[in-house]
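Trainee: data_23.txt is the file, holding compact mmCIF, C-alpha atoms and all ligand atoms:
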```
# COMPACT_ATOMS: atom_id res chain seq x y z
CA MET A 198 -47.03 96.28 18.20
CA ILE A 199 -45.21 96.17 14.83
CA MET A 200 -42.30 98.61 14.79
CA LYS A 201 -41.64 100.20 11.42
CA LYS A 202 -37.97 100.17 10.39
CA LYS A 203 -36.41 103.61 10.18
CA ILE A 204 -35.84 104.64 6.58
CA ASP A 205 -32.59 106.45 5.95
CA ILE A 206 -32.86 109.21 3.36
CA SER A 207 -29.72 111.03 4.43
CA ALA A 208 -26.99 111.79 1.92
CA ASN A 209 -23.25 112.07 2.06
CA ILE A 210 -21.80 114.33 -0.61
CA ASN A 211 -18.09 113.68 -0.34
CA GLY A 212 -18.12 114.10 3.43
CA ILE A 213 -20.84 116.78 3.53
CA LYS A 214 -23.62 115.14 5.53
CA LEU A 215 -27.23 115.98 4.75
CA ALA A 216 -29.97 114.74 7.07
CA SER A 217 -32.25 114.60 4.03
CA CYS A 218 -31.19 114.09 0.41
CA ILE A 219 -33.73 116.71 -0.71
CA MET A 220 -32.72 120.39 -1.03
CA ASN A 221 -33.62 123.48 -3.01
CA ALA A 222 -32.20 124.22 -6.46
CA SER A 223 -30.17 127.37 -6.72
CA GLY A 224 -32.27 130.29 -7.89
CA VAL A 225 -35.49 129.29 -6.21
CA LEU A 226 -36.55 131.28 -3.13
CA CYS A 227 -32.96 131.54 -1.92
CA THR A 228 -31.91 135.10 -2.74
CA THR A 229 -32.80 137.20 0.32
CA GLU A 230 -32.22 136.89 4.06
CA VAL A 231 -35.91 135.98 4.51
CA ASP A 232 -35.65 133.22 1.87
CA LEU A 233 -32.49 131.78 3.39
CA ASN A 234 -33.88 131.83 6.93
CA LYS A 235 -36.94 129.93 5.76
CA LEU A 236 -34.74 127.32 4.13
CA ILE A 237 -32.65 126.96 7.27
CA VAL A 238 -35.67 126.10 9.40
CA SER A 239 -37.32 123.95 6.72
CA SER A 240 -36.71 120.22 6.35
CA SER A 241 -34.53 120.67 3.26
CA GLY A 242 -31.28 118.76 3.68
CA ALA A 243 -29.16 121.77 2.74
CA VAL A 244 -29.41 125.40 1.74
CA VAL A 245 -28.27 126.39 -1.74
CA THR A 246 -28.02 130.13 -2.44
CA LYS A 247 -29.07 131.99 -5.54
CA SER A 248 -26.10 132.03 -7.92
CA CYS A 249 -24.24 135.16 -6.97
CA THR A 250 -22.01 137.60 -8.77
CA LEU A 251 -19.39 139.99 -7.41
CA LYS A 252 -21.75 142.97 -7.38
CA PRO A 253 -25.48 142.84 -6.59
CA ARG A 254 -27.65 142.58 -9.72
CA LYS A 255 -31.27 143.47 -10.36
CA GLY A 256 -31.47 140.93 -13.17
CA ASN A 257 -33.48 141.10 -16.39
CA LEU A 258 -36.67 143.06 -16.99
CA GLU A 259 -40.00 141.59 -15.88
CA PRO A 260 -41.97 139.54 -16.68
CA ARG A 261 -39.06 137.11 -16.53
CA TYR A 262 -40.70 133.97 -15.08
CA PHE A 263 -43.79 132.11 -16.23
CA GLU A 264 -45.18 128.70 -15.31
CA TRP A 265 -47.82 126.40 -16.72
CA ASN A 266 -49.03 122.99 -15.57
CA MET A 267 -46.10 121.09 -17.14
CA GLY A 268 -43.23 123.45 -16.55
CA SER A 269 -41.73 126.90 -16.38
CA ILE A 270 -39.70 129.32 -18.44
CA ASN A 271 -37.35 131.87 -16.94
CA SER A 272 -34.89 134.51 -17.93
CA MET A 273 -34.06 135.95 -14.54
CA GLY A 274 -30.61 137.26 -15.43
CA LEU A 275 -29.01 136.41 -12.09
CA PRO A 276 -30.75 138.84 -9.74
CA ASN A 277 -28.79 138.49 -6.49
CA LEU A 278 -27.43 140.50 -3.59
CA GLY A 279 -23.75 140.02 -4.40
CA ILE A 280 -21.32 137.52 -2.87
CA ASP A 281 -20.50 139.66 0.18
CA PHE A 282 -24.12 139.57 1.29
CA TYR A 283 -24.15 135.73 1.25
CA LEU A 284 -20.78 135.43 2.99
CA ASP A 285 -21.83 137.98 5.65
CA PHE A 286 -25.15 136.22 6.14
CA LEU A 287 -23.31 133.02 6.89
CA GLU A 288 -20.79 134.70 9.12
CA LYS A 289 -23.61 136.00 11.34
CA LYS A 290 -25.84 132.96 11.20
CA ASN A 291 -25.13 130.11 13.51
CA HIS A 292 -26.71 127.01 12.04
CA GLN A 293 -25.87 123.41 11.39
CA LYS A 294 -27.26 122.81 7.92
CA PRO A 295 -24.86 122.32 5.03
CA PHE A 296 -24.65 125.51 3.01
CA PHE A 297 -23.81 125.54 -0.68
CA LEU A 298 -22.77 128.90 -2.08
CA SER A 299 -23.75 129.01 -5.73
CA ILE A 300 -21.64 131.36 -7.83
CA SER A 301 -21.99 132.46 -11.42
CA GLY A 302 -19.50 135.13 -12.40
CA LEU A 303 -20.26 137.12 -15.53
CA THR A 304 -16.76 136.36 -16.80
CA ILE A 305 -14.25 133.64 -16.07
CA GLU A 306 -12.09 136.16 -14.20
CA GLU A 307 -15.06 137.09 -12.04
CA ASN A 308 -15.51 133.43 -11.14
CA TYR A 309 -11.89 133.33 -9.97
CA ILE A 310 -12.46 136.38 -7.76
CA LEU A 311 -15.62 134.82 -6.31
CA LEU A 312 -13.76 131.60 -5.57
CA HIS A 313 -10.93 133.52 -3.87
CA LYS A 314 -13.54 135.10 -1.60
CA ALA A 315 -15.29 131.79 -0.93
CA ASN A 316 -11.93 130.22 -0.11
CA LEU A 317 -11.65 132.55 2.89
CA SER A 318 -15.02 131.65 4.40
CA SER A 319 -15.02 128.98 7.07
CA HIS A 320 -18.82 128.68 6.96
CA ILE A 321 -19.65 127.36 3.51
CA SER A 322 -19.80 123.60 3.01
CA ALA A 323 -19.06 123.87 -0.71
CA VAL A 324 -19.27 126.15 -3.70
CA GLU A 325 -21.57 125.11 -6.51
CA LEU A 326 -20.02 126.71 -9.59
CA ASN A 327 -22.82 127.42 -12.02
CA LEU A 328 -21.52 126.89 -15.55
CA SER A 329 -25.00 126.79 -17.01
CA CYS A 330 -26.92 130.06 -16.73
CA PRO A 331 -28.51 130.67 -20.14
CA ASN A 332 -29.99 134.11 -19.43
CA ILE A 333 -27.29 136.74 -19.53
CA ILE A 334 -28.05 139.28 -22.22
CA GLY A 335 -25.15 139.68 -24.60
CA LYS A 336 -23.62 136.33 -23.62
CA ASP A 337 -24.70 133.60 -25.93
CA GLN A 338 -22.45 130.76 -24.87
CA VAL A 339 -23.31 128.78 -21.75
CA LEU A 340 -19.88 128.04 -20.22
CA GLY A 341 -20.76 124.38 -19.75
CA TYR A 342 -20.88 123.98 -23.55
CA ASP A 343 -17.44 125.49 -24.03
CA PHE A 344 -15.55 122.19 -23.93
CA ASN A 345 -12.31 123.82 -25.09
CA ASN A 346 -12.07 126.12 -22.10
CA ILE A 347 -13.43 124.12 -19.17
CA SER A 348 -10.26 122.16 -18.60
CA LYS A 349 -8.12 125.29 -18.45
CA ILE A 350 -10.62 126.99 -16.13
CA LEU A 351 -10.63 124.04 -13.71
CA GLU A 352 -6.87 123.79 -13.82
CA ASN A 353 -6.61 127.47 -12.83
CA ILE A 354 -9.23 127.10 -10.11
CA PHE A 355 -7.58 124.18 -8.37
CA LYS A 356 -4.25 126.02 -8.24
CA PHE A 357 -5.68 128.24 -5.48
CA TYR A 358 -9.12 127.02 -4.44
CA LYS A 359 -8.99 124.51 -1.60
CA LYS A 360 -12.58 123.95 -0.49
CA PRO A 361 -15.14 121.48 -1.85
CA LEU A 362 -16.27 122.47 -5.33
CA GLY A 363 -19.32 121.22 -7.18
CA ILE A 364 -20.17 122.04 -10.78
CA LYS A 365 -23.70 122.80 -11.97
CA LEU A 366 -24.02 121.69 -15.56
CA PRO A 367 -26.40 122.46 -18.38
CA PRO A 368 -28.25 119.56 -20.02
CA TYR A 369 -26.41 117.76 -22.81
CA PHE A 370 -28.24 116.12 -25.64
CA GLU A 371 -25.63 113.73 -26.98
CA ASN A 372 -23.99 110.86 -25.19
CA LYS A 373 -20.59 111.85 -26.61
CA HIS A 374 -20.85 115.33 -25.06
CA ILE A 375 -21.50 113.83 -21.62
CA GLN A 376 -18.61 111.43 -22.12
CA LYS A 377 -16.37 114.33 -23.06
CA MET A 378 -17.43 116.51 -20.11
CA ALA A 379 -17.07 113.59 -17.66
CA PHE A 380 -13.60 112.89 -19.04
CA ILE A 381 -12.62 116.50 -18.27
CA LEU A 382 -14.24 116.56 -14.80
CA ASN A 383 -12.66 113.24 -13.83
CA LYS A 384 -9.22 114.87 -13.96
CA TYR A 385 -10.00 117.30 -11.13
CA PRO A 386 -10.86 116.94 -7.42
CA ILE A 387 -14.50 117.86 -8.01
CA SER A 388 -16.70 117.19 -4.95
CA PHE A 389 -19.97 116.77 -6.83
CA VAL A 390 -21.77 117.48 -10.07
CA THR A 391 -25.28 118.92 -10.20
CA CYS A 392 -27.25 118.14 -13.32
CA ILE A 393 -29.26 119.58 -14.90
CA ASN A 394 -29.89 123.31 -15.03
CA SER A 395 -32.84 124.50 -17.13
CA LEU A 396 -33.03 123.57 -20.82
CA PRO A 397 -31.70 126.68 -22.53
CA ASN A 398 -33.25 128.47 -25.48
CA GLY A 399 -36.87 127.50 -24.92
CA LEU A 400 -39.93 129.44 -26.03
CA PHE A 401 -43.45 129.43 -24.57
CA ILE A 402 -46.35 131.20 -26.23
CA ASP A 403 -49.62 132.66 -25.01
CA ILE A 404 -51.93 131.63 -27.83
CA ASN A 405 -54.70 134.07 -26.88
CA LYS A 406 -52.48 137.12 -26.87
CA GLU A 407 -50.25 135.65 -29.60
CA THR A 408 -47.17 136.73 -27.62
CA VAL A 409 -44.22 135.34 -25.81
CA VAL A 410 -44.68 135.14 -22.02
CA ILE A 411 -41.43 136.67 -20.75
CA GLN A 412 -39.80 139.90 -21.79
CA PRO A 413 -36.00 139.36 -21.92
CA LYS A 414 -34.29 137.91 -24.99
CA MET A 415 -37.45 138.17 -27.16
CA GLY A 416 -39.16 135.59 -24.95
CA PHE A 417 -36.47 132.88 -25.04
CA GLY A 418 -35.45 131.38 -21.72
CA GLY A 419 -34.58 128.31 -19.68
CA ILE A 420 -37.23 125.61 -19.37
CA GLY A 421 -37.75 123.84 -16.05
CA GLY A 422 -40.31 121.69 -14.30
CA LYS A 423 -42.05 118.37 -15.02
CA THR A 424 -41.44 118.59 -18.72
CA ILE A 425 -37.63 118.33 -18.40
CA LYS A 426 -37.47 115.24 -16.16
CA PRO A 427 -36.59 112.78 -18.96
CA PHE A 428 -33.60 114.97 -19.93
CA ALA A 429 -32.50 115.23 -16.30
CA LEU A 430 -32.72 111.45 -15.88
CA ALA A 431 -30.74 110.82 -19.06
CA ASN A 432 -27.99 113.23 -18.03
CA ILE A 433 -27.78 111.78 -14.52
CA ARG A 434 -27.64 108.25 -15.91
CA GLN A 435 -24.90 108.98 -18.41
CA PHE A 436 -22.83 111.06 -16.00
CA TYR A 437 -23.19 108.26 -13.46
CA THR A 438 -21.78 105.90 -16.07
CA TYR A 439 -18.83 108.08 -17.03
CA LEU A 440 -17.86 110.00 -13.89
CA ARG A 441 -15.39 108.59 -11.37
CA LYS A 442 -17.36 106.89 -8.61
CA GLU A 443 -15.88 109.40 -6.12
CA ILE A 444 -17.87 112.21 -7.75
CA PRO A 445 -21.47 112.07 -6.51
CA ILE A 446 -24.27 113.51 -8.60
CA ILE A 447 -26.96 115.85 -7.32
CA GLY A 448 -29.98 115.39 -9.56
CA CYS A 449 -32.10 118.37 -10.55
CA GLY A 450 -34.92 118.64 -13.05
CA GLY A 451 -38.62 117.92 -13.06
CA ILE A 452 -39.06 116.62 -9.51
CA CYS A 453 -42.64 116.97 -8.28
CA SER A 454 -43.11 113.81 -6.21
CA GLY A 455 -41.34 111.18 -4.11
CA GLU A 456 -41.48 108.87 -7.13
CA ASP A 457 -39.56 111.42 -9.20
CA ILE A 458 -36.87 111.47 -6.51
CA PHE A 459 -36.73 107.67 -6.58
CA GLU A 460 -36.15 107.79 -10.35
CA HIS A 461 -33.35 110.35 -10.01
CA ILE A 462 -31.63 108.17 -7.41
CA LEU A 463 -32.12 105.02 -9.45
CA CYS A 464 -30.34 106.75 -12.34
CA GLY A 465 -27.39 107.62 -10.09
CA ALA A 466 -28.19 110.73 -8.04
CA SER A 467 -27.03 110.76 -4.40
CA ALA A 468 -29.20 113.77 -3.56
CA VAL A 469 -31.70 115.96 -5.38
CA GLN A 470 -32.65 119.59 -5.83
CA ILE A 471 -36.10 121.03 -6.36
CA GLY A 472 -36.70 124.06 -8.59
CA THR A 473 -40.01 124.85 -10.29
CA GLN A 474 -42.14 122.79 -7.89
CA PHE A 475 -40.52 124.57 -4.93
CA ILE A 476 -41.63 127.93 -6.41
CA LYS A 477 -45.17 126.54 -6.71
CA GLU A 478 -45.41 125.11 -3.18
CA GLY A 479 -42.95 126.95 -0.96
CA VAL A 480 -40.88 125.36 1.83
CA SER A 481 -43.58 122.89 2.88
CA ILE A 482 -42.62 120.92 -0.23
CA PHE A 483 -39.62 119.43 1.60
CA ASP A 484 -41.90 117.74 4.14
CA ARG A 485 -44.26 116.45 1.46
CA LEU A 486 -41.48 115.03 -0.71
CA ARG A 487 -39.73 113.45 2.26
CA LYS A 488 -42.96 111.74 3.33
CA GLU A 489 -43.66 110.52 -0.20
CA LEU A 490 -40.12 109.19 -0.62
CA VAL A 491 -40.15 107.42 2.76
CA HIS A 492 -43.56 105.93 2.00
CA LEU A 493 -42.34 104.61 -1.35
CA LEU A 494 -39.21 103.10 0.20
CA GLN A 495 -41.34 101.39 2.86
CA LYS A 496 -43.52 99.92 0.13
CA LYS A 497 -40.48 98.76 -1.80
CA LYS A 498 -38.79 97.50 1.39
CA TYR A 499 -35.70 99.67 1.04
CA THR A 500 -34.20 100.83 4.32
CA SER A 501 -31.86 103.40 2.79
CA ILE A 502 -31.49 105.33 -0.45
CA ASN A 503 -27.92 103.98 -0.60
CA ARG A 504 -29.35 100.59 -1.53
CA PHE A 505 -30.47 101.68 -4.99
CA ILE A 506 -28.32 104.62 -6.09
CA GLY A 507 -27.56 103.97 -9.77
CA LYS A 508 -29.17 100.52 -9.73
CA LEU A 509 -31.35 101.10 -12.78
CA ASN A 510 -32.10 97.89 -14.68
CA VAL A 511 -31.84 97.72 -18.45
CA PHE A 512 -33.02 95.07 -20.88
C1 LIG A 601 -31.03 133.21 -13.90
O1 LIG A 601 -30.83 133.92 -12.90
O2 LIG A 601 -31.14 133.70 -15.03
C2 LIG A 601 -31.15 131.74 -13.74
C3 LIG A 601 -29.89 131.15 -13.29
C4 LIG A 601 -29.55 129.88 -13.97
O3 LIG A 601 -30.33 129.34 -14.76
O4 LIG A 601 -28.46 129.38 -13.73
```
Using the file provided, produce a representation of the structure as structure tokens.
Ligand code: SIN

Mentor:
Amino acid sequence: MIMKKKIDISANINGIKLASCIMNASGVLCTTEVDLNKLIVSSSGAVVTKSCTLKPRKGNLEPRYFEWNMGSINSMGLPNLGIDFYLDFLEKKNHQKPFFLSISGLTIEENYILLHKANLSSHISAVELNLSCPNIIGKDQVLGYDFNNISKILENIFKFYKKPLGIKLPPYFENKHIQKMAFILNKYPISFVTCINSLPNGLFIDINKETVVIQPKMGFGGIGGKTIKPFALANIRQFYTYLRKEIPIIGCGGICSGEDIFEHILCGASAVQIGTQFIKEGVSIFDRLRKELVHLLQKKKYTSINRFIGKLNVF
């Protein structure tokens, strides 16, 4: 009998060990107790919460999410149950899976308060600080584009915050912007970078009704899904080039198949997050993607994802 070699798709994010490199993206089916329980028992490698604020929020008016075959548009407006709910949930829940608390304060000061609270929890594996939510009404600047302030914010954070911290970034469209952001991030003990969040300021139109498809912000929102994969890959690749090698990248954007995961890893991702396609398929997606990835690695004769992280060839 021919024994198949075991394929290792585990990930190590600065000491946080994930049995599988595939997890949910913040925002997708991870807001309520029911959502989080489903993620815990699924084969996702970690649980990432909906980005939370200090107080619970209902979010923007509906319809606020729309999907088509190539992608999705959303302007959710951070509907979440408030940080205390997520910290309490963890306090009560005894489970082994790494748990990433995503936070997205409405102001910089609110982010500091959230981080103070997270600092006290012994149950979170890391905070993923979301600097990239494009959907808050009345706030036009995505923090991740505010190059002048990021350094100061991180400096303040690391004066008091002692747990692992990852940063979720918006997509950048110029190499020099990625270089600049990486230069800033490299100065701080960041545990990981997640890129990319949705492409901000998109518009999708229903040609029959001649209308926009979501209500908030006159129909403008963040674009996700298949259509954004090339931007995700480019951001991962360039951050992989410019970030210190001690800062792993979690790739996010446009993953629908095991091959997409392979591409993210080849560009430099150590793990990946699934957004739009997770909404479409539900938690069974983690099994499907794991099988597809393992099958591809068998075909390519790789025994571990570690063998090809960042090993993209160029001409
Ligand atoms: C939202 O709740 O509006 C989406 C969050 C995000 O894109 O970061």

Trainee: Write out as a CSV table (one decimal) with C-alpha atoms, in the frame of the given file which residues come within 9 Å of Leu366 in chain A when counting only C-alpha atoms, dropping same-chain ones fewer than 6 positions away.

Mentor:
```
chain,number,residue,atom,x,y,z
A,326,LEU,CA,-20.0,126.7,-9.6
A,327,ASN,CA,-22.8,127.4,-12.0
A,328,LEU,CA,-21.5,126.9,-15.6
A,329,SER,CA,-25.0,126.8,-17.0
A,330,CYS,CA,-26.9,130.1,-16.7
A,340,LEU,CA,-19.9,128.0,-20.2
A,341,GLY,CA,-20.8,124.4,-19.8
A,342,TYR,CA,-20.9,124.0,-23.6
A,390,VAL,CA,-21.8,117.5,-10.1
A,391,THR,CA,-25.3,118.9,-10.2
A,392,CYS,CA,-27.2,118.1,-13.3
A,393,ILE,CA,-29.3,119.6,-14.9
A,394,ASN,CA,-29.9,123.3,-15.0
```

Trainee: Could you tell me how far CA of Leu509 in chain A sits from CA of Glu489 in chain A, in Å to one decimal place?

Mentor: 20.0 Å

Trainee: Where's the centre, and what are the edge lengths in Å to one decimal, of a box along x, y and z enclosing all listed atoms of ligand LIG 601 (chain A) padded 3 Å per side, as AutoDock Vina command-line options?

Mentor:
```
--center_x -29.8 --center_y 131.6 --center_z -14.0 --size_x 8.7 --size_y 10.6 --size_z 8.1
```

Trainee: What does the list of residues within 9 Å of ligand LIG 601 (chain A) look like if you count only C-alpha atoms and all ligand atoms, written as a VMD selection string?

Mentor: chain A and resid 223 to 224 247 to 249 256 to 257 261 271 to 277 301 327 to 333 365 367 394 to 397 418 to 419

Trainee: Measure the distance from CA of Gly363 in chain A to CA of Ile387 in chain A in Å and round it to one decimal.

Mentor: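 Atom-to-atom, CA of Gly363 in chain A and CA of Ile387 in chain A are spaced 5.9 Å apart.
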
Trainee: So what do you get for CA of Ser388 in chain A versus CA of Glu307 in chain A, distance-wise?

Mentor: 21.2 Å

Trainee: Compile the contact shell of range 446-458 of chain A as a PyMOL selection string: residues with an atom at most 6 Å away, counting all atoms listed in the file, same-chain residues fewer than 3 positions apart removed.

Mentor: chain A and resi 389-393+422-423+425-426+429+461+466-470+474+486+489-490

Trainee: Return the single residue from A:Thr408, A:Ile420, A:Glu460, A:Ala379 that is closest to Gln435 in chain A, with distances computed using all atoms listed in the file.

Mentor: A:Ala379

Trainee: What's around Phe297 in chain A at 6 Å? Count all atoms listed in the file, leave out sequence neighbours fewer than 4 positions away in its own chain, and write the answer as a ChimeraX atom specification.

Mentor: /A:245,322-324

Trainee: Given all atoms listed in the file as the basis, pick out the residue of A:Pro253, A:Gly335, A:Gly302, A:Pro445 nearest to Phe282 in chain A.

Mentor: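 Under the stated criterion, the closest residue is A:Pro253.
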
Trainee: Go through A:Lys414, A:Ile402, A:Ile354, A:Phe344 one by one, measure the shortest atom-to-atom distance of each to Ile381 in chain A using only C-alpha atoms, and give the residue with the smallest value.

Mentor: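 Nearest to Ile381 in chain A: A:Phe344.
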
Trainee: Let me make sure I understand: among A:Val410, A:Cys227, A:Gly479, A:Thr250, which one has the smallest atom-to-atom distance to Thr304 in chain A if we use all atoms listed in the file?

Mentor: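 Among A:Val410, A:Cys227, A:Gly479, A:Thr250, it is A:Thr250 that comes nearest to Thr304 in chain A.
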